[in-house]
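Chemist: Once you've had a glance at the structure underneath, I'll fire off some questions.
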Amino acid sequence: MIYKFYGPPGTGKTYRLISRARAYLRIGTPIDKIAYFAFTKKAAKEAKERMPVEDSKLFYFRTIHSFAFEQLSLSEDKILQAEDYERIGKALNVKVKYYDKYNKEEIHYLNCDSPYFQMVGRAINRDVNIREEYDRNEHNRKEIKWKLLKTIDDNLKEYKKVTGKLDFNDMITRLINKPDLPKFKVIFIDEAQDLSPLQWKLYDKLKEHADDIYLAGDDDQAIFAWAGADVDRFISEPAKEKVLKYSKRISIAVQEQSQLPIENIKGLRKEKDYYPRDFEGITQRINNLDHVDLSEGQWYILTRTISRLNTIKDELRERNLYYQSNKGKSFAVRLYNASVNYNSWCRGKILDEKEIKDITEYTGVEIDKWNPEIDWFEAFKETNFDEREYIKNMIDNGEDLDQPARIWVSTIHAIKGGEKDNVILCLDLGHKIKKAIKKSEEKADEEHRVWYVGITRARNNLYKLKAKTKSNEYKIGANNE
């Protein structure tokens, strides 16, 4: 039997899957006959932690690619990484930069800035050849020329042949063709709306021998279509369906706002209602960051593009606000640690060799010439003044820089699954995104889903920050209020 849970934000779809997995354990299902596939390493780890079984026995609680990696007995040096793609691009004089450099979350959609490599990756995920992908005509023909695209695709294939390396999708293909795949009594798949056609092929192979399968996801949160995810397959997959209706995350105001983008979806969509928790909350349009008090509370500041993300970081630094991103803390951590150690030395602490070396680098003088009457800000002459001042001002403002930041900045795609009490959603659209929306109804639908995800990261309050240029603003609702 196949069961499908539609789980809008905060409705507990993962909790529901884990509860069912625990139930199978209680009726005597062997743990090695239960498979649980999550979208990221973090999600797989959280699933393990919720099971009443020691971690070492939960061998099949993992990502799909980790499952393939283990089943094929691969080693890390046989897996293509971002630097391999960058090496191929360099050889062909094609600039390519991967944002998730080492794919730490093991997400199968590596994010790069090259439209050529994006298309190659999308074709692989969709399980079509590069010509078929090109002929879908979803790209900007001024950006992508067929001859170069074909050359890149051929060179990637040759590179893999010569090096013996596999990409994530090669792993899935090999696993599908493996004659002795494990047979499970029950299979759980979380975030199933993000499966690619190739992964659905693996699903079809695994379900041949499974008694029960549980799919959980939310088509309204399907924001990886740009990379080849097949949300329509998730919606149309025959199953006994249940919509989880009660959110423990979303406030009333945020829930009402979240309905506006998805009402614009023209393509296939599962109609569903869900109810917010009993907290009013607020949604408000703001003109700039000064219209909210960022000196307290927990915040996400979310953008649609990396360029807008970078300007937000600049604005936060100008306001001496401490934030974090997927690149780490907003200040030079080594400099800050040295300042703490210097102040401790001034109070009589004996420093170790490394601590002395760091401080000497920043002061420009050996320890016998340090003056305990001078604080670190004045003593650290060999550092960037702006960075020094930024750290000092944050400390003076009462920020504890040893703790995680209250403010986290990110693109919407990179924060999927997260939540904060307060969210500032920057409404700027990129030029390429605008063109894609006009060109394709499918792209427009995906864009509405992206903004739905952005809105529903807010637990309590949502602040919509107007775009730098009015014509480049995503419109939420008829009046955009």
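Ordering of the structure tokens sets the chain letters (A, B, ...); residue numbers start at 1 within each chain; ligands are numbered from 1 in the order shown.
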Skip Ile412 in chain A itself and residues of its chain fewer than 4 positions away, then list as a ChimeraX atom specification all residues within 7 Å of it, counting only C-alpha atoms.

Modeler: /A:302-304,416,454

Chemist: Go ahead and write the residues just picked, N, CA and C atoms, as a compact mmCIF listing (two decimals), in the first residue's frame.

Modeler:
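Dumped everything to again31.txt:
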# COMPACT_ATOMS: atom_id res chain seq x y z
N LEU A 302 15.71 37.22 4.11
CA LEU A 302 15.75 36.32 2.97
C LEU A 302 15.68 37.08 1.65
N THR A 303 16.47 36.63 0.69
CA THR A 303 16.49 37.26 -0.63
C THR A 303 16.28 36.20 -1.71
N ARG A 304 15.89 36.68 -2.87
CA ARG A 304 15.71 35.77 -4.02
C ARG A 304 17.01 35.56 -4.77
N LYS A 416 15.43 26.68 2.97
CA LYS A 416 14.24 25.82 2.98
C LYS A 416 14.30 24.84 4.15
N GLY A 454 9.42 31.33 1.13
CA GLY A 454 10.00 32.46 1.85
C GLY A 454 9.08 32.99 2.93

Chemist: Can you check which residues of range 273-374 of chain A DSSP gives as strand (DSSP E) on the backbone and send them as a list in words?

Modeler: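 Going through range 273-374 of chain A, the strand (DSSP E) residues come out as Ile282, Thr283, Gln284, Arg285, Ile286, Trp299, Tyr300, Ile301, Leu302, Thr303, Tyr323, Gln324, Ser325, Gly328 and Lys329 of chain A.
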
Chemist: Create the file for the chosen residues now, containing N, CA and C atoms and written as a PDB file, in the first residue's frame.

Modeler:
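Below is the file that was written, selection.pdb:
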ATOM      1  N   ILE A 282       1.934  39.599  12.737  1.00  0.00           N
ATOM      2  CA  ILE A 282       1.722  40.739  11.848  1.00  0.00           C
ATOM      3  C   ILE A 282       2.436  40.510  10.528  1.00  0.00           C
ATOM      4  N   THR A 283       1.899  41.129   9.488  1.00  0.00           N
ATOM      5  CA  THR A 283       2.618  41.255   8.219  1.00  0.00           C
ATOM      6  C   THR A 283       2.618  42.738   7.873  1.00  0.00           C
ATOM      7  N   GLN A 284       3.766  43.196   7.415  1.00  0.00           N
ATOM      8  CA  GLN A 284       3.906  44.637   7.204  1.00  0.00           C
ATOM      9  C   GLN A 284       4.896  44.900   6.072  1.00  0.00           C
ATOM     10  N   ARG A 285       4.593  45.883   5.269  1.00  0.00           N
ATOM     11  CA  ARG A 285       5.506  46.307   4.212  1.00  0.00           C
ATOM     12  C   ARG A 285       6.430  47.390   4.765  1.00  0.00           C
ATOM     13  N   ILE A 286       7.739  47.259   4.497  1.00  0.00           N
ATOM     14  CA  ILE A 286       8.696  48.250   4.987  1.00  0.00           C
ATOM     15  C   ILE A 286       9.552  48.773   3.833  1.00  0.00           C
ATOM     16  N   TRP A 299      15.818  36.572  13.810  1.00  0.00           N
ATOM     17  CA  TRP A 299      15.454  37.064  12.481  1.00  0.00           C
ATOM     18  C   TRP A 299      16.051  36.232  11.357  1.00  0.00           C
ATOM     19  N   TYR A 300      15.267  36.066  10.297  1.00  0.00           N
ATOM     20  CA  TYR A 300      15.780  35.712   8.989  1.00  0.00           C
ATOM     21  C   TYR A 300      15.638  36.952   8.102  1.00  0.00           C
ATOM     22  N   ILE A 301      16.641  37.205   7.290  1.00  0.00           N
ATOM     23  CA  ILE A 301      16.490  38.163   6.199  1.00  0.00           C
ATOM     24  C   ILE A 301      16.738  37.372   4.929  1.00  0.00           C
ATOM     25  N   LEU A 302      15.708  37.216   4.113  1.00  0.00           N
ATOM     26  CA  LEU A 302      15.753  36.318   2.967  1.00  0.00           C
ATOM     27  C   LEU A 302      15.677  37.082   1.649  1.00  0.00           C
ATOM     28  N   THR A 303      16.471  36.630   0.689  1.00  0.00           N
ATOM     29  CA  THR A 303      16.489  37.261  -0.630  1.00  0.00           C
ATOM     30  C   THR A 303      16.282  36.202  -1.707  1.00  0.00           C
ATOM     31  N   TYR A 323      25.454  39.269  12.253  1.00  0.00           N
ATOM     32  CA  TYR A 323      24.633  38.303  11.537  1.00  0.00           C
ATOM     33  C   TYR A 323      25.469  37.092  11.154  1.00  0.00           C
ATOM     34  N   GLN A 324      24.783  36.057  10.719  1.00  0.00           N
ATOM     35  CA  GLN A 324      25.439  34.871  10.167  1.00  0.00           C
ATOM     36  C   GLN A 324      24.817  34.526   8.828  1.00  0.00           C
ATOM     37  N   SER A 325      25.590  33.811   8.019  1.00  0.00           N
ATOM     38  CA  SER A 325      25.098  33.280   6.755  1.00  0.00           C
ATOM     39  C   SER A 325      25.697  31.892   6.590  1.00  0.00           C
ATOM     40  N   GLY A 328      29.300  31.650   7.423  1.00  0.00           N
ATOM     41  CA  GLY A 328      29.792  31.809   8.785  1.00  0.00           C
ATOM     42  C   GLY A 328      29.394  33.136   9.410  1.00  0.00           C
ATOM     43  N   LYS A 329      30.096  33.523  10.459  1.00  0.00           N
ATOM     44  CA  LYS A 329      29.799  34.762  11.171  1.00  0.00           C
ATOM     45  C   LYS A 329      30.236  35.967  10.350  1.00  0.00           C
TER      46      LYS A 329
END

Chemist: Between CA of Ala216 in chain A and CA of Asp190 in chain A, measure the distance and give it in Å to one decimal.

Modeler: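 Between these atoms lies a distance of 4.9 Å.
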
Chemist: Gly164 in chain A: which residues within 12 Å, counting only C-alpha atoms, same-chain residues fewer than 2 positions away excluded, as a list in words?

Modeler: Leu74, Ser75, Asp77, Lys78, Ile79, Leu80, Leu156, Lys157, Glu158, Tyr159, Lys160, Lys161, Val162, Leu166, Asp167 and Asp170 of chain A

Chemist: Go ahead and dump the residues you just picked, N, CA and C atoms, as a tab-separated table (two decimals), in the first residue's frame.

Modeler:
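What ended up in result-v6.tsv:
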chain	number	residue	atom	x	y	z
A	74	LEU	N	31.43	2.58	-2.73
A	74	LEU	CA	32.26	3.62	-3.33
A	74	LEU	C	33.15	4.28	-2.27
A	75	SER	N	34.16	5.00	-2.74
A	75	SER	CA	35.00	5.81	-1.86
A	75	SER	C	34.86	7.27	-2.29
A	77	ASP	N	36.89	9.54	-3.10
A	77	ASP	CA	37.69	10.02	-4.22
A	77	ASP	C	37.13	9.62	-5.58
A	78	LYS	N	36.07	8.82	-5.57
A	78	LYS	CA	35.43	8.42	-6.82
A	78	LYS	C	34.17	9.24	-7.13
A	79	ILE	N	33.89	10.25	-6.31
A	79	ILE	CA	32.70	11.08	-6.49
A	79	ILE	C	33.11	12.46	-6.99
A	80	LEU	N	32.46	12.91	-8.07
A	80	LEU	CA	32.73	14.24	-8.60
A	80	LEU	C	32.33	15.30	-7.58
A	156	LEU	N	32.46	16.49	-20.12
A	156	LEU	CA	32.11	15.95	-18.80
A	156	LEU	C	32.06	14.42	-18.85
A	157	LYS	N	31.44	13.89	-19.90
A	157	LYS	CA	31.37	12.44	-20.04
A	157	LYS	C	32.77	11.83	-20.18
A	158	GLU	N	33.63	12.49	-20.96
A	158	GLU	CA	34.99	12.00	-21.16
A	158	GLU	C	35.79	12.09	-19.86
A	159	TYR	N	35.60	13.18	-19.12
A	159	TYR	CA	36.29	13.37	-17.84
A	159	TYR	C	35.93	12.25	-16.88
A	160	LYS	N	34.66	11.91	-16.83
A	160	LYS	CA	34.22	10.83	-15.94
A	160	LYS	C	34.79	9.48	-16.38
A	161	LYS	N	34.86	9.30	-17.69
A	161	LYS	CA	35.41	8.04	-18.22
A	161	LYS	C	36.89	7.90	-17.88
A	162	VAL	N	37.65	8.99	-18.06
A	162	VAL	CA	39.09	8.96	-17.82
A	162	VAL	C	39.42	8.83	-16.33
A	166	LEU	N	32.23	9.36	-10.58
A	166	LEU	CA	30.78	9.36	-10.80
A	166	LEU	C	30.18	10.63	-10.25
A	167	ASP	N	29.12	11.13	-10.89
A	167	ASP	CA	28.34	12.18	-10.24
A	167	ASP	C	27.21	11.51	-9.47
A	170	ASP	N	24.95	9.34	-11.63
A	170	ASP	CA	25.56	8.07	-12.06
A	170	ASP	C	25.37	7.02	-10.97

Chemist: To test your reading of the structure, identify every residue in range 366-399 of chain A that backbone DSSP assigns to helix (DSSP H, G or I), and report it as an MDAnalysis selection string.

Modeler: chainID A and resid 367:369 376:379 385:396

Chemist: Name the residues in contact with range 458-468 of chain A at a cut-off of 6 Å, using only C-alpha atoms, excluding same-chain residues fewer than 3 positions from it; report them as a ChimeraX atom specification.

Modeler: /A:249-251,281-287,419-428,473
